[in-house]
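Trainee: See entry-v2.cif below, with mmCIF, C-alpha atoms.
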data_run
#
loop_
_atom_site.label_atom_id
_atom_site.label_comp_id
_atom_site.auth_asym_id
_atom_site.auth_seq_id
_atom_site.Cartn_x
_atom_site.Cartn_y
_atom_site.Cartn_z
CA MET R 288 -3.84 -2.70 -1.23
CA ALA R 289 -6.77 -4.90 -1.82
CA HIS R 290 -10.25 -3.45 -1.38
CA SER R 291 -12.02 -1.95 -4.46
CA MET R 292 -13.60 -2.72 -7.82
CA GLY R 293 -13.12 -2.05 -11.52
CA PHE R 294 -10.65 0.31 -13.11
CA ILE R 295 -10.75 3.66 -14.86
CA THR R 296 -10.26 3.60 -18.59
CA VAL R 297 -7.96 6.58 -18.84
CA LEU R 298 -5.14 7.57 -16.53
CA SER R 299 -2.51 10.02 -17.67
CA LEU R 300 0.95 9.08 -16.49
CA LEU R 301 4.28 10.74 -16.89
CA ALA R 302 7.36 8.68 -17.58
CA ILE R 303 9.50 7.85 -14.59
CA VAL R 304 13.18 7.72 -15.44
CA PRO R 305 15.80 6.88 -12.80
CA LEU R 306 18.86 9.10 -12.93
CA CYS R 307 21.36 6.70 -11.41
CA LEU R 308 24.36 9.01 -11.25
CA SER R 309 22.59 11.81 -9.38
CA GLY R 310 20.49 9.59 -7.12
CA LYS R 311 17.45 11.59 -8.24
CA THR R 312 14.22 10.36 -9.76
CA TYR R 313 12.28 12.32 -12.32
CA GLY R 314 8.51 12.28 -12.27
CA GLY R 315 5.54 14.60 -12.54
CA GLY R 316 7.53 17.58 -13.79
CA GLY R 317 10.25 17.72 -11.15
CA TYR R 318 12.92 15.88 -9.26
CA LEU R 319 12.46 13.78 -6.15
CA TYR R 320 15.59 13.01 -4.14
CA PRO R 321 16.30 11.70 -0.62
CA GLN R 322 18.18 14.84 0.49
CA PHE R 323 15.29 17.20 -0.31
CA TYR R 324 14.83 18.32 3.34
CA ASP R 325 18.45 18.06 4.47
CA HIS R 326 18.71 21.83 4.85
CA SER R 327 15.10 22.99 5.17
CA CYS R 328 14.04 20.39 7.77
CA PRO R 329 16.97 18.14 8.74
CA LYS R 330 15.10 16.46 11.61
CA ALA R 331 12.07 15.48 9.50
CA GLN R 332 13.02 11.83 8.98
CA GLU R 333 14.02 11.44 12.62
CA ILE R 334 10.63 12.78 13.74
CA VAL R 335 8.77 10.42 11.40
CA LYS R 336 10.77 7.43 12.61
CA HIS R 337 10.07 8.28 16.27
CA PHE R 338 6.30 8.49 15.88
CA VAL R 339 6.02 5.41 13.66
CA ALA R 340 7.98 3.39 16.23
CA LYS R 341 5.69 4.70 18.98
CA ALA R 342 2.54 3.84 17.02
CA VAL R 343 3.70 0.32 16.10
CA ALA R 344 4.82 -0.37 19.68
CA GLU R 345 1.30 0.53 20.85
CA ASP R 346 -0.41 -1.41 18.04
CA PRO R 347 1.68 -3.85 15.97
CA ARG R 348 -1.06 -3.97 13.31
CA MET R 349 -0.45 -0.26 12.62
CA ALA R 350 2.67 -0.97 10.53
CA ALA R 351 0.62 -2.74 7.86
CA SER R 352 -2.12 -0.11 8.02
CA LEU R 353 0.34 2.72 7.40
CA LEU R 354 2.01 0.83 4.55
CA ARG R 355 -1.39 0.17 2.98
CA LEU R 356 -2.32 3.85 3.26
CA HIS R 357 0.63 4.76 1.00
CA PHE R 358 -0.47 2.19 -1.60
CA HIS R 359 -4.03 3.48 -1.57
CA ASP R 360 -2.81 7.04 -1.95
CA CYS R 361 -0.43 6.41 -4.86
CA PHE R 362 -2.94 4.37 -6.88
CA VAL R 363 -5.35 7.34 -6.96
CA LYS R 364 -4.09 10.48 -8.74
CA GLY R 365 -0.50 9.67 -7.79
CA CYS R 366 1.29 9.99 -4.44
CA ASP R 367 -0.24 13.30 -3.36
CA ALA R 368 -1.82 12.58 0.06
CA SER R 369 -5.33 12.86 -1.42
CA VAL R 370 -6.41 9.85 0.68
CA LEU R 371 -5.92 11.90 3.84
CA LEU R 372 -8.44 14.61 2.95
CA ASP R 373 -11.75 14.68 4.80
CA SER R 374 -14.94 15.63 2.96
CA SER R 375 -15.44 19.41 2.89
CA GLY R 376 -16.85 21.88 0.40
CA THR R 377 -16.41 20.37 -3.04
CA ILE R 378 -14.18 17.53 -1.77
CA ILE R 379 -15.68 14.06 -1.36
CA SER R 380 -13.22 12.08 0.73
CA GLU R 381 -11.55 8.94 -0.63
CA LYS R 382 -12.08 7.53 2.87
CA ARG R 383 -15.68 6.87 1.82
CA SER R 384 -14.65 4.57 -1.05
CA ASN R 385 -15.10 0.80 -1.01
CA PRO R 386 -11.37 0.08 -0.53
CA ASN R 387 -11.05 2.50 2.39
CA ARG R 388 -14.38 2.52 4.19
CA ASP R 389 -14.21 0.62 7.52
CA SER R 390 -10.63 -0.48 6.80
CA ALA R 391 -8.26 2.44 6.12
CA ARG R 392 -6.61 3.52 9.38
CA GLY R 393 -3.55 5.30 10.70
CA PHE R 394 -4.78 8.83 9.99
CA GLU R 395 -4.18 9.88 13.61
CA VAL R 396 -0.55 8.76 13.35
CA ILE R 397 -0.05 10.94 10.27
CA ASP R 398 -1.73 13.85 12.11
CA GLU R 399 0.65 13.45 15.05
CA ILE R 400 3.71 13.36 12.82
CA LYS R 401 2.56 16.37 10.81
CA ALA R 402 1.94 18.43 13.97
CA ALA R 403 5.43 17.66 15.28
CA ILE R 404 7.07 18.49 11.95
CA GLU R 405 5.08 21.73 11.58
CA LYS R 406 6.38 22.75 15.02
CA GLU R 407 9.96 21.98 13.93
CA CYS R 408 9.80 23.54 10.45
CA PRO R 409 6.47 25.12 9.47
CA HIS R 410 5.07 24.86 5.93
CA THR R 411 7.99 22.79 4.66
CA VAL R 412 7.33 19.02 4.63
CA SER R 413 4.39 17.68 2.64
CA CYS R 414 1.89 15.12 3.89
CA ALA R 415 2.66 13.07 0.76
CA ASP R 416 6.34 12.83 1.73
CA ILE R 417 5.41 11.96 5.31
CA MET R 418 3.32 9.04 3.98
CA ALA R 419 6.21 7.77 1.84
CA LEU R 420 8.59 7.90 4.83
CA VAL R 421 6.03 6.28 7.12
CA ALA R 422 5.63 3.35 4.67
CA ARG R 423 9.41 2.81 4.61
CA ASP R 424 9.76 3.02 8.40
CA SER R 425 6.82 0.64 8.95
CA THR R 426 8.55 -1.88 6.71
CA ILE R 427 11.87 -1.60 8.56
CA LEU R 428 10.25 -1.82 12.01
CA THR R 429 8.66 -5.17 11.15
CA GLY R 430 11.91 -6.64 9.83
CA GLY R 431 11.75 -5.65 6.17
CA PRO R 432 14.22 -3.87 3.89
CA ASN R 433 15.45 -0.30 4.09
CA TRP R 434 15.67 2.16 1.20
CA ASP R 435 16.32 5.84 0.61
CA VAL R 436 12.99 7.54 -0.02
CA PRO R 437 13.03 10.11 -2.83
CA LEU R 438 11.36 13.28 -1.49
CA GLY R 439 9.97 16.55 -2.80
CA ARG R 440 6.31 15.68 -3.38
CA ARG R 441 3.62 18.27 -2.75
CA ASP R 442 0.04 17.76 -1.59
CA SER R 443 -3.06 17.74 -3.76
CA ARG R 444 -5.91 20.20 -3.35
CA ASP R 445 -8.56 17.64 -4.21
CA ALA R 446 -9.50 13.97 -3.89
CA SER R 447 -11.08 11.38 -6.19
CA LEU R 448 -13.73 9.08 -4.77
CA SER R 449 -14.23 7.44 -8.18
CA GLY R 450 -10.48 6.95 -8.57
CA ALA R 451 -10.31 5.22 -5.20
CA ASN R 452 -13.26 2.99 -6.10
CA ASN R 453 -11.90 2.09 -9.54
CA ASN R 454 -8.09 2.10 -9.43
CA ILE R 455 -7.20 0.08 -6.35
CA PRO R 456 -7.03 -3.70 -6.92
CA ALA R 457 -9.79 -5.61 -5.15
CA PRO R 458 -9.44 -8.94 -3.32
CA ASN R 459 -11.80 -10.63 -5.79
CA ASN R 460 -10.37 -9.15 -9.01
CA THR R 461 -9.04 -11.52 -11.65
CA PHE R 462 -5.29 -11.68 -12.20
CA GLN R 463 -5.61 -9.80 -15.49
CA THR R 464 -7.67 -7.01 -13.92
CA ILE R 465 -5.12 -6.58 -11.14
CA LEU R 466 -2.22 -6.50 -13.61
CA THR R 467 -4.09 -3.97 -15.75
CA LYS R 468 -4.56 -1.71 -12.72
CA PHE R 469 -0.83 -1.90 -11.99
CA LYS R 470 0.07 -1.18 -15.62
CA LEU R 471 -2.19 1.89 -15.59
CA GLN R 472 0.13 3.22 -12.89
CA GLY R 473 3.29 2.45 -14.87
CA LEU R 474 4.03 -0.65 -12.80
CA ASP R 475 4.73 -4.11 -14.24
CA ILE R 476 4.25 -7.75 -13.29
CA VAL R 477 7.46 -7.81 -11.22
CA ASP R 478 6.22 -4.81 -9.23
CA LEU R 479 2.84 -6.50 -8.80
CA VAL R 480 4.28 -9.66 -7.26
CA ALA R 481 6.89 -7.88 -5.14
CA LEU R 482 4.47 -5.26 -3.78
CA SER R 483 1.86 -7.94 -3.05
CA GLY R 484 4.48 -9.30 -0.68
CA SER R 485 3.50 -6.49 1.69
CA HIS R 486 0.71 -8.88 2.68
CA THR R 487 3.34 -10.62 4.78
CA ILE R 488 2.01 -8.32 7.55
CA GLY R 489 -1.46 -7.10 8.39
CA ASN R 490 -5.01 -8.37 8.39
CA ALA R 491 -8.00 -8.73 6.10
CA ARG R 492 -11.69 -8.78 6.95
CA CYS R 493 -13.91 -11.84 6.52
CA THR R 494 -15.92 -9.95 3.90
CA SER R 495 -12.79 -9.72 1.73
CA PHE R 496 -12.46 -13.46 1.18
CA ARG R 497 -15.78 -15.06 2.23
CA GLN R 498 -16.64 -16.02 -1.36
CA ARG R 499 -13.55 -18.29 -1.44
CA LEU R 500 -14.93 -20.32 1.46
CA TYR R 501 -18.46 -20.85 0.19
CA ASP R 502 -19.14 -19.78 -3.39
CA GLN R 503 -16.09 -18.77 -5.41
CA ALA R 504 -17.48 -19.30 -8.92
CA GLY R 505 -21.21 -18.88 -8.29
CA ASN R 506 -21.74 -22.65 -8.10
CA GLY R 507 -22.01 -22.95 -4.32
CA LYS R 508 -18.55 -24.50 -4.04
CA PRO R 509 -15.41 -23.20 -2.31
CA ASP R 510 -12.32 -22.07 -4.20
CA TYR R 511 -10.45 -25.19 -5.28
CA THR R 512 -7.14 -23.29 -5.13
CA LEU R 513 -7.53 -22.79 -1.36
CA ASP R 514 -6.10 -25.54 0.86
CA GLN R 515 -9.18 -27.23 2.27
CA SER R 516 -7.89 -27.71 5.83
CA TYR R 517 -6.98 -24.01 5.90
CA ALA R 518 -10.43 -23.17 4.48
CA ALA R 519 -12.11 -25.22 7.23
CA HIS R 520 -10.15 -23.29 9.86
CA LEU R 521 -11.16 -19.95 8.30
CA ARG R 522 -14.86 -20.93 8.24
CA THR R 523 -14.89 -21.20 12.04
CA HIS R 524 -14.63 -17.40 12.29
CA CYS R 525 -15.92 -16.35 8.88
CA PRO R 526 -19.49 -17.69 8.56
CA LYS R 527 -21.69 -17.49 5.47
CA SER R 528 -23.41 -14.47 6.96
CA GLY R 529 -22.36 -12.16 9.77
CA GLY R 530 -18.88 -11.51 11.07
CA ASP R 531 -18.01 -9.24 8.15
CA GLN R 532 -15.49 -7.26 10.19
CA ASN R 533 -13.76 -10.27 11.77
CA LEU R 534 -10.02 -9.95 11.16
CA PHE R 535 -7.65 -12.63 9.84
CA PHE R 536 -3.89 -12.56 9.38
CA LEU R 537 -2.86 -12.21 5.73
CA ASP R 538 0.20 -14.31 6.62
CA PHE R 539 -0.75 -16.73 9.39
CA VAL R 540 2.82 -18.05 9.74
CA SER R 541 4.52 -14.80 10.81
CA PRO R 542 1.75 -12.17 10.88
CA VAL R 543 3.72 -9.25 12.34
CA LYS R 544 7.10 -10.00 10.75
CA PHE R 545 8.01 -8.70 7.32
CA ASP R 546 9.53 -11.73 5.59
CA ASN R 547 8.89 -14.06 2.64
CA SER R 548 6.43 -16.38 4.41
CA TYR R 549 3.63 -14.86 2.35
CA PHE R 550 5.10 -16.41 -0.81
CA LYS R 551 5.67 -19.76 0.89
CA ASN R 552 2.00 -19.72 1.86
CA LEU R 553 1.02 -19.21 -1.77
CA LEU R 554 3.04 -22.29 -2.77
CA ALA R 555 0.99 -24.26 -0.22
CA TYR R 556 -2.31 -22.78 -1.53
CA LYS R 557 -2.75 -20.90 1.73
CA GLY R 558 -2.95 -17.36 0.44
CA LEU R 559 -5.85 -15.66 2.24
CA LEU R 560 -7.21 -13.44 -0.52
CA SER R 561 -8.08 -14.58 -4.01
CA SER R 562 -5.93 -11.67 -5.27
CA ASP R 563 -2.99 -13.27 -3.44
CA GLU R 564 -3.37 -16.86 -4.62
CA VAL R 565 -3.96 -15.93 -8.29
CA LEU R 566 -0.33 -14.74 -8.39
CA PHE R 567 0.62 -18.43 -8.15
CA THR R 568 -2.25 -20.09 -10.03
CA LYS R 569 -3.21 -17.88 -12.97
CA ASN R 570 -0.03 -16.70 -14.70
CA ALA R 571 3.21 -18.51 -15.52
CA GLU R 572 5.47 -15.47 -15.13
CA SER R 573 4.04 -14.41 -11.78
CA ARG R 574 4.13 -18.04 -10.63
CA GLU R 575 7.89 -18.15 -11.19
CA LEU R 576 8.33 -14.86 -9.34
CA VAL R 577 6.37 -16.24 -6.38
CA LYS R 578 8.66 -19.28 -6.33
CA THR R 579 11.77 -17.09 -6.55
CA TYR R 580 10.74 -14.92 -3.61
CA ALA R 581 9.59 -17.95 -1.59
CA TYR R 582 13.06 -19.48 -1.93
CA ASN R 583 15.10 -16.27 -1.69
CA GLN R 584 14.06 -13.63 0.85
CA GLU R 585 16.98 -11.36 -0.04
CA LEU R 586 15.86 -11.12 -3.66
CA PHE R 587 12.33 -10.32 -2.49
CA PHE R 588 13.60 -7.58 -0.18
CA GLN R 589 15.72 -6.04 -2.94
CA GLN R 590 12.84 -5.98 -5.42
CA PHE R 591 10.33 -4.76 -2.83
CA ALA R 592 12.51 -1.73 -2.11
CA LYS R 593 12.91 -1.00 -5.86
CA SER R 594 9.19 -1.35 -6.47
CA MET R 595 8.29 0.85 -3.48
CA ILE R 596 10.50 3.61 -4.86
CA LYS R 597 8.91 3.17 -8.29
CA MET R 598 5.39 3.26 -6.84
CA GLY R 599 6.29 6.28 -4.71
CA ASN R 600 7.13 8.16 -7.91
CA ILE R 601 3.69 7.80 -9.51
CA SER R 602 2.69 11.26 -10.78
CA PRO R 603 4.00 13.36 -7.89
CA LEU R 604 3.13 17.03 -7.65
CA THR R 605 6.36 19.02 -7.63
CA GLY R 606 7.61 22.58 -8.03
CA TYR R 607 4.65 24.95 -7.78
CA LYS R 608 1.97 22.31 -8.30
CA GLY R 609 -0.27 21.47 -5.36
CA GLU R 610 0.61 22.82 -1.92
CA ILE R 611 2.19 21.99 1.41
CA ARG R 612 -0.81 21.41 3.66
CA LYS R 613 -0.70 22.69 7.22
CA TYR R 614 -3.15 20.00 8.31
CA CYS R 615 -3.14 16.77 6.32
CA ARG R 616 -6.93 16.32 6.49
CA LYS R 617 -7.82 19.59 4.77
CA VAL R 618 -6.55 21.86 2.03
CA ASN R 619 -5.09 25.21 3.01
CA ALA R 620 -7.36 28.25 3.12
CA TYR R 621 -6.34 31.01 0.73
#
For the file at hand, write its structure as structure tokens.

Mentor:
Amino acid sequence: MAHSMGFITVLSLLAIVPLCLSGKTYGGGGYLYPQFYDHSCPKAQEIVKHFVAKAVAEDPRMAASLLRLHFHDCFVKGCDASVLLDSSGTIISEKRSNPNRDSARGFEVIDEIKAAIEKECPHTVSCADIMALVARDSTILTGGPNWDVPLGRRDSRDASLSGANNNIPAPNNTFQTILTKFKLQGLDIVDLVALSGSHTIGNARCTSFRQRLYDQAGNGKPDYTLDQSYAAHLRTHCPKSGGDQNLFFLDFVSPVKFDNSYFKNLLAYKGLLSSDEVLFTKNAESRELVKTYAYNQELFFQQFAKSMIKMGNISPLTGYKGEIRKYCRKVNAY
């Protein structure tokens, strides 16, 4: 969720109103609800779960990659699987954007799931819904919370390279810029802190935080909000030049376990990315939320699930909007 720059000035959003009694969520002109495929493709969720478990067993890092893919999709034009599209014709792929280039991964896992679901129930389950289910299952597999995923999204017929470059929070953005990008999506400061907790799993590249080690403010000095012994350790594998793609755990305490260690690290000034540590150092309200989640994992899990559902409902295509792609990497031929 942390590799891009700037933000677009205008983003049209539709209100998202939970309908508690029906268990449905309204957004983007239609209803999303967990039972959407119960009759049309009852084995869909079981198929997704199987392939996510297989992928994570083969590569534990894949859980974080798949979770991140859902974030990067929803923050650009809503949760419509636009991030999966390859460049073709008039489409310039979001995979070429700064946040996704050389770092977005897991596309083959989505392909495998889509192929299996198409075999089971053709032209029924959207790639956008598969991504939402995959994010939930990746969280559960690494020890995180469970939640019912509202379903019924459809897939976009286009992508937005500029949206990917501008909307997704970057590791070197200021706190205010990051919060603004969340608010543009209808998310608030509680969602920001809770969803940032996904950095309890996964990795970041040296290029994403190098400035913190050597020249945070353009004065040739390291970031004073980074624990200096931790910074010294990071410098051993993240030199001033070279090693851009070297990987580091976002949560060095429990890197493949979804827990609240990420927030405890922030209290100790051992957040890896600047965009992580600013949650504790630059805003009083977010600082208190970091403390709350550091001391109470259950509260963090509860809010993470709520915020994931809220994020998953950003401007979905429903009804007759968009399409159900046959292959997630390309729009259907008509």

Trainee: Give as a list of chain:residue names the set of residues within 12 Å of the point (-16.4, 1.8, 5.0), where distances use the file's coordinates and all atoms listed in the file.

Mentor: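 Result, sorted by chain then residue number: R:His290, R:Ser291, R:Ser380, R:Glu381, R:Lys382, R:Arg383, R:Ser384, R:Asn385, R:Pro386, R:Asn387, R:Arg388, R:Asp389, R:Ser390, R:Ala391, R:Arg392, R:Asn452, R:Arg492, R:Thr494, R:Asp531, R:Gln532.
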
Trainee: For range 429-446 of chain R, take all atoms listed in the file, fit an axis-aligned box around them, add 8 Å to each of the six sides, then output centre and edge lengths in Å rounded to one decimal, as lines of an AutoDock Vina configuration file.

Mentor:
center_x = 3.4
center_y = 6.8
center_z = 3.5
size_x = 41.8
size_y = 42.8
size_z = 31.4

Trainee: Please enumerate the residues selected by the PyMOL selection byres ((chain R and resi 481-488) around 9) when evaluated against the supplied file, formatted as number ranges by chain.

Mentor: R: 288, 348, 350-351, 354-355, 426, 429, 476-480, 489-490, 536-550, 562-563, 566, 576-577, 580, 587-588, 590-592, 594-595

Trainee: Running the PyMOL selection byres ((chain R and resi 374) around 12) on this model by hand, what would come out? Give it as number ranges by chain.

Mentor: R: 369-373, 375-384, 444-448, 616-618

Trainee: Considering only C-alpha atoms, state which residue in the set R:His359, R:Lys330, R:Lys470, R:Lys608 is at the smallest distance from Asp442 in chain R.

Mentor: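 Of all the options, R:Lys608 lies closest to Asp442 in chain R.
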
Trainee: Applied to this file, what does the PyMOL selection byres ((chain R and resi 553-557) around 8) return in terms of residues, put as a list of chain:residue names?

Mentor: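 Given this file, the PyMOL selection byres ((chain R and resi 553-557) around 8) evaluates to R:Thr512, R:Leu513, R:Asp514, R:Tyr517, R:Tyr549, R:Phe550, R:Lys551, R:Asn552, R:Gly558, R:Leu559, R:Asp563, R:Glu564, R:Phe567, R:Val577, R:Lys578, R:Ala581.
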
Trainee: Please report, as a tab-separated table, each residue of range 550-617 of chain R lying at most 12 Å from range 398-408 of chain R, together with the nearest pair of atoms and the separation in Å rounded to one decimal; use all atoms listed in the file, and order rows by chain and ascending residue number.

Mentor:
residue	atom	partner	partner_atom	distance
R:Ile611	CA	R:Glu405	CA	10.6
R:Arg612	CA	R:Lys401	CA	9.4
R:Lys613	CA	R:Glu405	CA	7.3
R:Tyr614	CA	R:Lys401	CA	7.2
R:Cys615	CA	R:Asp398	CA	6.6
R:Arg616	CA	R:Asp398	CA	8.0
R:Lys617	CA	R:Asp398	CA	11.1

Trainee: Which of these residues is nearest to Phe362 in chain R, using all atoms listed in the file: R:Ala457, R:Glu572, R:Phe469, R:Gly430?

Mentor: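 Comparing R:Ala457, R:Glu572, R:Phe469, R:Gly430 against Phe362 in chain R, the winner is R:Phe469.
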
Trainee: State, in Å with one decimal place, the distance from CA of Tyr607 in chain R to CA of Trp434 in chain R.

Mentor: 26.9 Å

Trainee: For Val343 in chain R, please output as a ChimeraX atom specification all residues within 10 Å (counting all atoms listed in the file; exclusion window: fewer than 2 positions along the same chain).

Mentor: /R:338-341,345-353,396,425,428-429

Trainee: Using Å and a single decimal, report how far CA of Gly505 in chain R sits from CA of Gly529 in chain R.

Mentor: 19.3 Å

Trainee: Distance CA of Val421 in chain R-CA of Thr467 in chain R, one decimal place?

Mentor: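 Taking CA of Val421 in chain R and CA of Thr467 in chain R, their separation equals 27.0 Å.
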
Trainee: From the set R:Asn460, R:Ser602, R:Ser528, R:His410, which residue has the shortest atom-to-atom contact distance to Leu319 in chain R, counting only C-alpha atoms?

Mentor: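 For Leu319 in chain R, the nearest of the given residues is R:Ser602.
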
Trainee: Counting all atoms listed in the file, figure out which residue out of R:Ser327, R:Ile596, R:Ser443, R:Asn570 gets nearest to Ile465 in chain R.

Mentor: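 The closest residue to Ile465 in chain R is R:Asn570.
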